[in-house]
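Participant: Attaching a single structure in structure tokens format; questions to follow.
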Amino acid sequence: MDYLFFVVFAILCSKLKQFLLLTPLLFWYFFKNNKNKCNLIFRYAFIFAIIFVYSFARYEINMPKSVSKGIVYEKNDQASGNYKYYVINGPIRRSVIFSKNSKIEEGDYVIYKGENKEFNENSMPYLFNEKDYYNGMGINGKVIKADIKKLGNSFLKPIINLKIETYNRFKKLLNDDALFISSGVVLRIKEDSIIYDKMQFLGLAHILSTSGLHVAIIYGFIFLLLGFIENHKIRTIISCIFIWIYGLMLFFPPSLLRAIIMISIIELGKIYMPNTSRLDAFWIAFGVSLIVSPYFLFNAGFLLSYICVYGILVIAPELRKNIINKTFFKEMLNVNISIIIATFPVVLYFFNRFNILTFVWNMIFVPVFSVYINLSFLLFLVAKLPIVSTIIAFILNTMANIINYALSLSSIKYLNLIFPSPNIIGIILYYSALLIYLNREYLRLNFYKESRRIFVILCSIFVIAVSFTRDKDFVQFLDVGQGDSSLLHINGKNYLVDTGGSSINPNKDNVAKNILEPYLIKNGFRNIEAVFISHFDIDHCGALRDLEDINIKYILSDHHPKEKFSNFSDRDMKVVKETGILKPQMIPLGNEYYINPIEYEKLSDENNSSFVFTLNKNKINYVLYTGDIEKEGEKNLMNNNIRSYILKVAHHGSKSGTTEEFVKKVSPKYSVISVGRNNVYGHPNNEILKRLEENSQVFRTDRDGLITFYPDTLEIYTFNGYNGYLSMSLFIILLVATCFVLKKGMKNDGLY
């Protein structure tokens with residue numbers, strides 16, 4: 001276990017360099033608490049160094065070449081007209097290739113030439129990180145605009161052809177719902193489907209993840225079919241070979257790799273190592289998986305797969321001790337509750353939704369799906385037998401229709417609770433409490449001896465939690481691409497100024513669903529007191545209509561849109577009609593903050609009708625919000641008190657506004673430009689940028705990501721520059737201080 005701990009720690013250090021601060025303390029601790037000190041520490045250091053260098057080199061140095069060869073192991077169509085190919089370039093190098101060539105198929109040996117492209121990283125906390133996503137799948141890099149050509153068939157082609165052939169047979173025999181479920185559970189081919197949305201809503205999406213249940217079923221089928229072989233050892237070995245071939249056909253997703261390793265160890269262990277337990281197989285599979293691809297550690301499917309199994313192997317036996325009159329139903333309930341307990345904070349961290357009847361749905365649907373999966377694998381094995389395959393297909397089609405209907409009846413919206421993503425402190429507290437429960441018998445026997453230690457640990461965690469969760473007033477300028485949105489968190493309440501929205505491709509670039517709503521939910525800002533709309537261009541308010549899971553109390557502006565400039569459809573106009581019209585008066589926000597609308601002569605166009613206002617406290621202008629006001633509108637503002645600490649630059653830094661006279665009148669210390677990366681408009685304009693830099697410090701959402709201003713301290717932080725390093729360093733310092741207190745104040749008996 002110590003060796004596995006150092007493997008995990010080395011991977012964390014290669015990804016999160018702040019953890020390197022802990023290495024001296026860690027090695028000092030092991031040195032002080034082991035008899036065979038030098039030899040053991042040398043081994044630990046060697047393992048740490050090897051895994052650290054291997055992980056760092058694989059994902060930070062070993063980047064794909066713009067011209068290379070490889071084997072295509074997966075192909076996906078893209079809505080943009082591109083095709084996405086996953087390619088193996090070598091033993092530890094994989095790439096994702098984007099090309100318009102549609103003729104390449106899975107299993108082809110190809111050569112390609114394109115442009116190396118760095119993965120996008122999230123610019124606001126908790127949002128999608130493309131680099132983490134692909135690295136977590138073992139992908140090193142990305143090549144775009146690739147010219148890709150087939151050189152021949154790879155050694156994987158026969159196995160992949162079996163997968164494609166099976167899918168085509170499924171497509172002929174099964175209806176849409178049955179095809180989606182069967183191809184998902186057997187072949188790991190997943191397409192957009194309403195039935196998947198329903199399963200995800202009920203917390204049943206894990207059923208479609210090819211893992212332990214599926215591998216156990218196919219292993220059982222193969223073992224049964226090999227019944228004519230009398231030698232048990234040979235049957236077991238051949239069955240294991242088949243599940244490894246099956247894994248190769250799907251190219252070993254993390255959960256499937258775990259299941260195959262565990263089942264192989266357990267079944268072969270019965271023959272060669274009878275004392276091998278399921279927990280031993282679990283830890284071996286965990287270590288092997290991380291050596292195969294270290295950054296699996298940051299893959300949601302990998303984490304949930306192992307945590308689920310840990311819940312079954314460790315938590316379920318503890319809960320089972322409390323069950324009287326054990327029955328099959330109670331055991332099923334016990335396993336489901338154990339899985340929920342084990343995965344709860346991780347599920348919330350990634351998905352933010354929890355159905356309060358998840359364990360009930362699992363009790364109802366998992367047995368049904370188990371039968372369905374068995375039949376799907378049977379169809380997979382007998383697909384070439386016309387009569388048998390037709391009968392099985394009829395049963396699967398009927399079952400899929402019933403399942404879809406039952407899922408529809410069960411999808412009751414108010415049963416689905418939405419939570420913010422727990423931070424690291426919350427997760428530590430949760431698993432600390434779980435650890436105390438699992439060690440309750442030991443602690444009960446040693447209560448007086450250990451109560452002091454537990455008290456110190458909990459107090460230390462509490463101090464850290466308080467340090468990280470103090471509720472401060474702040475203003476955030478959100479990175480919503482080529483648009484505008486700002487979040488005000490004042491006196492514990494949340495306000496939005498504009499929502500962003502894509503005016504170029506609103507269907508593809510859904511700002512509400514991809515950026516704004518996830519950010520608000522994950523960070524605990526789901527309840528919005530009011531949305532202030534500066535004006536009614538799509539890039540300022542287009543996302544408003546799609547914020548379905550955000551609770552908005554008021555929608556406010558100082559005008560309705562000029563009809564010919566609105567860009568709104570009939571459906572969108574419902575939002576406009578619900579908008580309250582503000583009179584030019586101060587709007588209190590709490591803690592002595594208020595919104596102060598600025599009166600000026602508005603012009604006929606929408607930009608120069610923008611709702612312009614300041615965020616004030618004690619008659620001090622902290623932020624001047626300017627919408628998309630242009631030169632003509634700026635002239636009409638000059639007679640007002642617009643001097644402000646921060647200027648939210650109008651119209652994304654366009655040359656149509658931000659005159660020199662206006663900037664000098666505002667005299668900001670900071671200027672903030674909300675603008676999209678590599679936008680087609682060329683924003684911000686270089687002349688405007690130079691003017692702002694001569695008069696203030698300039699921040700841009702396309703480069704700095706999330707920009708956060710604390711009015712109480714007049715400090716401003718950026719996500720890409722600041723990026724949580726200070727918080728993580730503070731956390732590590734407090735963690736080290738806690739360990740020091742434990743070391744000095746308590747006996748060192750090895751419990752913790």
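Identifiers in this document derive from the order of the structure tokens: chains are assigned A, B, ..., residues are numbered from 1 separately in each chain, and ligands are numbered from 1 in order of occurrence.
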From a backbone DSSP assignment, name each residue in region 344-451 of chain A labelled helix (DSSP H, G or I), as a VMD selection string.
Facilitator: chain A and resid 344 to 351 358 to 382 386 to 410 413 to 415 424 to 438 440 to 445 447 to 451
Participant: Write out, as a tab-separated table, each residue of region 116-139 of chain A that has an atom at most 12 Å from region 695-718 of chain A, together with the closest pair of atoms and their distance in Å to one decimal, counting only C-alpha atoms, rows going by chain and rising number.
Facilitator:
residue	atom	partner	partner_atom	distance
A:Asn120	CA	A:Asp702	CA	11.7
A:Glu121	CA	A:Gly705	CA	10.0
A:Asn122	CA	A:Gly705	CA	8.1
A:Ser123	CA	A:Gly705	CA	4.4
A:Met124	CA	A:Leu706	CA	5.3
A:Pro125	CA	A:Leu706	CA	8.3
A:Tyr126	CA	A:Leu706	CA	11.7
A:Leu127	CA	A:Leu706	CA	11.2
Participant: Name all residues at most 10 Å from Leu647 (chain A) (count only C-alpha atoms; drop same-chain ones fewer than 2 positions away) and give them as a ChimeraX atom specification.
Facilitator: /A:614,621-626,642-645,649-650,663,666-673,692,696,698
Participant: For region 258-273 of chain A, work out the shell of residues within 6 Å, counting only C-alpha atoms and skipping chain neighbours fewer than 5 positions away, then give it as a list in words.
Facilitator: Ser211, Gly212, Cys240, Ala281 and Ala285 of chain A
Participant: Identify, on the basis of only C-alpha atoms, every residue whose closest approach to region 487-502 of chain A does not exceed 8 Å; exclude the query and any residue fewer than 6 positions from it along the same chain; express the result as a ChimeraX atom specification.
Facilitator: /A:471-478,480-481,509-512,516,525,527-534,538-544,589-591,593
Participant: May I have the residues from that selection written out with C-alpha atoms, as a CSV table (one decimal), in the first residue's frame?
Facilitator:
chain,number,residue,atom,x,y,z
A,471,ASP,CA,-18.2,34.8,2.3
A,472,LYS,CA,-16.7,37.9,0.8
A,473,ASP,CA,-18.4,40.5,-1.4
A,474,PHE,CA,-16.9,40.4,-4.9
A,475,VAL,CA,-17.4,41.4,-8.5
A,476,GLN,CA,-16.5,38.8,-11.2
A,477,PHE,CA,-16.2,39.4,-15.0
A,478,LEU,CA,-17.0,36.0,-16.5
A,480,VAL,CA,-18.3,33.8,-21.7
A,481,GLY,CA,-16.4,34.0,-25.0
A,509,ASP,CA,-22.0,27.5,-29.0
A,510,ASN,CA,-24.6,27.4,-26.3
A,511,VAL,CA,-23.2,29.8,-23.7
A,512,ALA,CA,-25.9,29.1,-21.2
A,516,LEU,CA,-22.8,30.2,-17.7
A,525,PHE,CA,-24.5,30.8,-7.4
A,527,ASN,CA,-30.1,31.7,-7.0
A,528,ILE,CA,-29.9,35.0,-8.8
A,529,GLU,CA,-31.7,38.0,-7.2
A,530,ALA,CA,-31.7,40.0,-10.4
A,531,VAL,CA,-30.4,40.0,-14.0
A,532,PHE,CA,-29.5,43.5,-15.3
A,533,ILE,CA,-29.6,43.7,-19.1
A,534,SER,CA,-27.5,46.5,-20.5
A,538,ILE,CA,-27.6,38.4,-28.4
A,539,ASP,CA,-24.0,38.5,-27.1
A,540,HIS,CA,-25.2,40.3,-24.0
A,541,CYS,CA,-28.5,38.6,-23.2
A,542,GLY,CA,-28.9,35.6,-25.6
A,543,ALA,CA,-28.0,33.0,-22.9
A,544,LEU,CA,-30.8,34.3,-20.6
A,589,LEU,CA,-27.9,45.6,-3.0
A,590,GLY,CA,-27.0,45.3,0.7
A,591,ASN,CA,-23.8,46.1,2.7
A,593,TYR,CA,-23.7,48.8,-2.0
